[in-house]
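Since the structure comes first, as structure tokens, the remarks are kept for the end.
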Amino acid sequence: MDDDSDPAPARDRFALPPEAYHAGNSLGLQPLATREALAARLDEWAELAVEGWFDAVWLASADALAPAMARVVGANAPDVAVMNTLSVNLHLLLAALYRPSPERFRIVIDADAFGSDAHVAASHAAWHGLDAADAVRAHADVIDETVAVTLLAGVSYLTGAAADIEGMTRRAHEAGAIAIWDLAHAAGNIALELDRWDVDAAAWCSYKYLNGGPGAPGAIYVNERHQQAPRLAGWWGVDPADRFRMEHAFLPGAGAAGFALSTPSVLALAPLGASLDLFDEFGMPALRARSERLTGYLANRFDAITGVSLLTPADPARRGSQLSLRVPDARKLAGRLRSEHGVICDFREPDVLRFAPTALYTSYEDCDRAADSLAALVR
Ligand SMILES: Cc1ncc(COP(=O)(O)O)c(C=O)c1O
């Protein structure tokens, strides 16, 4: 495979840095359409001021992105809402779905859970008056009758390993637990079928593979069977037709949108819309297929380098487009890769380098640069 036989389908549609960019798992690059999308909102604000809510349909700006977002994660549009950011959304989902009883009170997280997920889980347990050290189990293999909720990662931020979301959701259900998924590193990366897999709920950010921009709004999925759950509520969860009545009784709107709380971030949603258009244009199946080819290519190149070891599973079905390498002095190496070789990747303490060749814009040449540079530095 090379750039002639398998070109990056949207490379010319992104603002590319001069370096070989392998950090799309951390912050996706900027689609060129972003600037215009954002400028359009700014013009509307300048010209319409408050009338923009109606004349430019800002009121529906988050709802308008739900169908495209739902296609990325394999869900029906009403089951997805674009809102807030990830940790906030995980809190909202736990507030609605984590109902501990004396017998069933545990939250299971991954052993290598992202720090924020551990904080979210522990703070919910404590909020309910439980001892978080007992109530939060950082061990995805032990799902028993004491478990109320599993809160697992679709793709590990550290190793790049993709979970068996369908199988783990089934296991949670067999144990009588609710399966909530953190899809930060999965959305826009691997093929997801949240509806078919019967996931209970999920949340993800959109600044990584979804290229929505730094701190872009995230999204949630709520299975239809939980859409009437008691929740932390705000006026944006009220049906749009009734919202401005200011009724004190909270009647949630239909679908996942009923979990929204606040006025949508109209400006921040504009770049996300521009990016989701690309996902619709190229489609997750084609992007996932290219991601497997590209990631396989880079994995083979890394395999040939002595002194580094691949933490990420070798089976393409068990990983997304991130390859994590265990290598001494990862922080220093990441710095040297950038300053001496023009290769941007990132590191996680103490000894992990992460490279993410992303399907939309990474080239085979970017992969060669990464592998050649790393080989030169660890030699
Ligand atoms: C796996 C995972 N979970 C949670 C978060 C926290 O996301 P946020 O800062 O948007 O709340 C991140 C952020 O990178 C993440 O990678």
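Letters A, B, ... go to the chains of the structure tokens in the order shown; residues in each chain start at 1; ligands are counted from 1 in the same order.
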Residues within 7 Å of Gln30 (chain A), only C-alpha atoms, excluding chain neighbours under 4 positions, as an NGL selection string | :A and (14-15 or 34 or 211 or 213)
Now that the selection is made, can you save its residues with N, CA and C atoms as an mmCIF file, in the first residue's frame?
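Final output, saved to result.cif:
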```
data_model
loop_
_atom_site.group_PDB
_atom_site.id
_atom_site.type_symbol
_atom_site.label_atom_id
_atom_site.label_comp_id
_atom_site.auth_asym_id
_atom_site.auth_seq_id
_atom_site.Cartn_x
_atom_site.Cartn_y
_atom_site.Cartn_z
ATOM 1 N N PHE A 14 -8.129 19.507 4.768
ATOM 2 C CA PHE A 14 -7.726 19.830 6.139
ATOM 3 C C PHE A 14 -6.571 20.821 6.138
ATOM 4 N N ALA A 15 -6.499 21.613 7.199
ATOM 5 C CA ALA A 15 -5.323 22.461 7.435
ATOM 6 C C ALA A 15 -4.233 21.552 7.982
ATOM 7 N N THR A 34 -14.165 24.580 8.162
ATOM 8 C CA THR A 34 -14.476 25.095 9.497
ATOM 9 C C THR A 34 -14.579 26.612 9.519
ATOM 10 N N ASN A 211 -12.715 15.721 14.870
ATOM 11 C CA ASN A 211 -12.182 16.985 14.328
ATOM 12 C C ASN A 211 -13.064 18.214 14.586
ATOM 13 N N GLY A 213 -12.695 20.449 16.875
ATOM 14 C CA GLY A 213 -11.962 21.604 17.413
ATOM 15 C C GLY A 213 -11.782 21.486 18.918
#
```
Please tabulate, as CSV, the residues of chain A that come within 6 Å of ligand 1, each with its closest pair of atoms and the distance in Å to one decimal, counting only C-alpha atoms and all ligand atoms and ordering rows by chain, then residue number upward.
```
residue,atom,partner,partner_atom_place_in_ligand_line,distance
A:Thr85,CA,ligand 1,10 (O),4.7
A:Leu86,CA,ligand 1,11 (O),3.9
A:Ser87,CA,ligand 1,11 (O),3.6
A:Phe114,CA,ligand 1,1 (C),5.1
A:Ser116,CA,ligand 1,4 (C),5.4
A:Asp117,CA,ligand 1,4 (C),5.8
A:Tyr157,CA,ligand 1,1 (C),5.4
A:Ala184,CA,ligand 1,1 (C),5.0
A:Cys205,CA,ligand 1,10 (O),5.6
```
Could you take the residues named above and write them with C-alpha atoms, as a PDB file, in the first residue's frame?
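Written file, part35.pdb:
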```
ATOM      1  CA  THR A  85     -18.454  17.940  27.005  1.00  0.00           C
ATOM      2  CA  LEU A  86     -17.551  14.405  27.903  1.00  0.00           C
ATOM      3  CA  SER A  87     -17.017  14.364  31.667  1.00  0.00           C
ATOM      4  CA  PHE A 114      -8.823   7.638  31.818  1.00  0.00           C
ATOM      5  CA  SER A 116     -11.527  11.702  34.471  1.00  0.00           C
ATOM      6  CA  ASP A 117     -13.667   8.555  34.238  1.00  0.00           C
ATOM      7  CA  TYR A 157      -6.698   5.961  25.456  1.00  0.00           C
ATOM      8  CA  ALA A 184     -13.896   9.301  23.371  1.00  0.00           C
ATOM      9  CA  CYS A 205     -16.111  14.009  22.810  1.00  0.00           C
TER      10      CYS A 205
END
```
Would you please extract all helix (DSSP H, G or I) residues from region 90-224 of chain A, as assigned by DSSP on the backbone, and give them as an mmCIF file with N, CA and C atoms, in the first residue's frame?
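So states_29.cif came out as:
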```cif
data_model
loop_
_atom_site.group_PDB
_atom_site.id
_atom_site.type_symbol
_atom_site.label_atom_id
_atom_site.label_comp_id
_atom_site.auth_asym_id
_atom_site.auth_seq_id
_atom_site.Cartn_x
_atom_site.Cartn_y
_atom_site.Cartn_z
ATOM 1 N N LEU A 90 -20.886 12.262 31.116
ATOM 2 C CA LEU A 90 -20.818 11.017 31.900
ATOM 3 C C LEU A 90 -21.507 11.220 33.245
ATOM 4 N N HIS A 91 -21.314 12.380 33.842
ATOM 5 C CA HIS A 91 -22.016 12.668 35.099
ATOM 6 C C HIS A 91 -23.527 12.633 34.903
ATOM 7 N N LEU A 92 -23.989 13.247 33.814
ATOM 8 C CA LEU A 92 -25.440 13.287 33.599
ATOM 9 C C LEU A 92 -26.001 11.882 33.385
ATOM 10 N N LEU A 93 -25.250 11.055 32.661
ATOM 11 C CA LEU A 93 -25.742 9.692 32.424
ATOM 12 C C LEU A 93 -25.756 8.883 33.720
ATOM 13 N N LEU A 94 -24.707 9.042 34.517
ATOM 14 C CA LEU A 94 -24.691 8.318 35.801
ATOM 15 C C LEU A 94 -25.796 8.834 36.722
ATOM 16 N N ALA A 95 -26.026 10.147 36.701
ATOM 17 C CA ALA A 95 -27.091 10.694 37.555
ATOM 18 C C ALA A 95 -28.424 10.044 37.201
ATOM 19 N N ALA A 96 -28.613 9.751 35.911
ATOM 20 C CA ALA A 96 -29.885 9.159 35.481
ATOM 21 C C ALA A 96 -29.916 7.642 35.681
ATOM 22 N N LEU A 97 -28.787 6.980 35.512
ATOM 23 C CA LEU A 97 -28.823 5.512 35.402
ATOM 24 C C LEU A 97 -28.158 4.772 36.562
ATOM 25 N N GLY A 115 -8.213 9.116 33.653
ATOM 26 C CA GLY A 115 -8.359 9.692 34.989
ATOM 27 C C GLY A 115 -9.737 10.287 35.243
ATOM 28 N N SER A 116 -10.249 11.022 34.255
ATOM 29 C CA SER A 116 -11.527 11.702 34.471
ATOM 30 C C SER A 116 -12.649 10.695 34.725
ATOM 31 N N ASP A 117 -12.615 9.559 34.039
ATOM 32 C CA ASP A 117 -13.667 8.555 34.238
ATOM 33 C C ASP A 117 -13.610 7.997 35.653
ATOM 34 N N ALA A 118 -12.388 7.806 36.155
ATOM 35 C CA ALA A 118 -12.244 7.334 37.537
ATOM 36 C C ALA A 118 -12.802 8.374 38.504
ATOM 37 N N HIS A 119 -12.531 9.662 38.226
ATOM 38 C CA HIS A 119 -13.051 10.718 39.101
ATOM 39 C C HIS A 119 -14.577 10.771 39.037
ATOM 40 N N VAL A 120 -15.107 10.654 37.825
ATOM 41 C CA VAL A 120 -16.567 10.679 37.655
ATOM 42 C C VAL A 120 -17.195 9.546 38.471
ATOM 43 N N ALA A 121 -16.658 8.346 38.303
ATOM 44 C CA ALA A 121 -17.236 7.180 38.994
ATOM 45 C C ALA A 121 -17.115 7.337 40.509
ATOM 46 N N ALA A 122 -15.921 7.696 40.977
ATOM 47 C CA ALA A 122 -15.711 7.794 42.432
ATOM 48 C C ALA A 122 -16.582 8.889 43.031
ATOM 49 N N SER A 123 -16.734 9.984 42.307
ATOM 50 C CA SER A 123 -17.519 11.079 42.890
ATOM 51 C C SER A 123 -19.002 10.720 42.939
ATOM 52 N N HIS A 124 -19.479 9.910 41.995
ATOM 53 C CA HIS A 124 -20.877 9.460 42.083
ATOM 54 C C HIS A 124 -21.087 8.542 43.274
ATOM 55 N N ALA A 125 -20.147 7.628 43.449
ATOM 56 C CA ALA A 125 -20.275 6.727 44.598
ATOM 57 C C ALA A 125 -20.300 7.549 45.886
ATOM 58 N N ALA A 126 -19.369 8.493 46.010
ATOM 59 C CA ALA A 126 -19.309 9.325 47.218
ATOM 60 C C ALA A 126 -20.573 10.167 47.368
ATOM 61 N N TRP A 127 -21.071 10.678 46.263
ATOM 62 C CA TRP A 127 -22.308 11.485 46.255
ATOM 63 C C TRP A 127 -23.472 10.693 46.856
ATOM 64 N N ALA A 132 -16.000 5.140 48.035
ATOM 65 C CA ALA A 132 -15.628 4.979 46.624
ATOM 66 C C ALA A 132 -14.588 3.886 46.432
ATOM 67 N N ALA A 133 -13.719 3.706 47.413
ATOM 68 C CA ALA A 133 -12.670 2.684 47.265
ATOM 69 C C ALA A 133 -13.300 1.293 47.147
ATOM 70 N N ASP A 134 -14.444 1.114 47.755
ATOM 71 C CA ASP A 134 -15.136 -0.168 47.681
ATOM 72 C C ASP A 134 -16.111 -0.199 46.484
ATOM 73 N N ALA A 135 -16.731 0.935 46.222
ATOM 74 C CA ALA A 135 -17.812 0.950 45.230
ATOM 75 C C ALA A 135 -17.302 1.014 43.791
ATOM 76 N N ILE A 165 -17.410 -4.256 22.571
ATOM 77 C CA ILE A 165 -18.505 -3.491 23.191
ATOM 78 C C ILE A 165 -19.777 -4.318 23.246
ATOM 79 N N GLU A 166 -20.037 -5.057 22.178
ATOM 80 C CA GLU A 166 -21.248 -5.874 22.161
ATOM 81 C C GLU A 166 -21.180 -6.956 23.248
ATOM 82 N N GLY A 167 -20.037 -7.657 23.288
ATOM 83 C CA GLY A 167 -19.892 -8.761 24.247
ATOM 84 C C GLY A 167 -19.907 -8.271 25.694
ATOM 85 N N MET A 168 -19.207 -7.153 25.943
ATOM 86 C CA MET A 168 -19.151 -6.639 27.323
ATOM 87 C C MET A 168 -20.501 -6.068 27.755
ATOM 88 N N THR A 169 -21.229 -5.516 26.799
ATOM 89 C CA THR A 169 -22.576 -5.025 27.131
ATOM 90 C C THR A 169 -23.460 -6.215 27.509
ATOM 91 N N ARG A 170 -23.340 -7.301 26.742
ATOM 92 C CA ARG A 170 -24.132 -8.503 27.047
ATOM 93 C C ARG A 170 -23.765 -9.029 28.429
ATOM 94 N N ARG A 171 -22.462 -9.057 28.715
ATOM 95 C CA ARG A 171 -22.037 -9.555 30.042
ATOM 96 C C ARG A 171 -22.599 -8.697 31.167
ATOM 97 N N ALA A 172 -22.580 -7.393 30.955
ATOM 98 C CA ALA A 172 -23.148 -6.492 31.975
ATOM 99 C C ALA A 172 -24.632 -6.810 32.166
ATOM 100 N N HIS A 173 -25.335 -6.974 31.054
ATOM 101 C CA HIS A 173 -26.771 -7.246 31.151
ATOM 102 C C HIS A 173 -27.035 -8.587 31.839
ATOM 103 N N GLU A 174 -26.216 -9.585 31.521
ATOM 104 C CA GLU A 174 -26.411 -10.902 32.157
ATOM 105 C C GLU A 174 -26.233 -10.815 33.672
ATOM 106 N N GLU A 224 -33.426 3.800 24.034
ATOM 107 C CA GLU A 224 -34.843 4.174 24.169
ATOM 108 C C GLU A 224 -35.431 3.752 25.517
#
```
DSSP strand (DSSP E) residues within region 11-236 of chain A, listed as JSON, numbers by chain = {"A": [14, 15, 20, 21, 30, 31, 80, 81, 82, 106, 107, 108, 109, 136, 137, 147, 148, 149, 150, 151, 152, 153, 178, 179, 180, 181, 182, 201, 202, 203, 204, 219, 220, 221, 222]}
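CA of Ala161 (chain A) is positioned 5.8 Å from CA of Arg318 (chain A).
Using only C-alpha atoms for every distance, the candidate list A:Leu310, A:Glu193, A:Thr150, A:Tyr98 yields A:Tyr98 as the residue closest to His226 (chain A).
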Could you tell me which of A:Ala376, A:Leu210, A:Ile220, A:Val82 comes closest to Ala60 (chain A) if we count only C-alpha atoms?
-> A:Val82
Determine, counting only C-alpha atoms, which protein, DNA and RNA residues have an atom within 9 Å of an atom of Leu337 (chain A); residues of the same chain fewer than 5 positions away are not included. Present the result as a list in words.
-> Lys332, Gly342, Val343, Ile344, Cys345, Ala370, Ser373, Leu374 and Leu377 of chain A
So which residues touch Leu325 (chain A) within 8 Å, counting only C-alpha atoms, skipping near sequence neighbours fewer than 4 positions away, as an NGL selection string?
-> :A and (308-312 or 352-354)
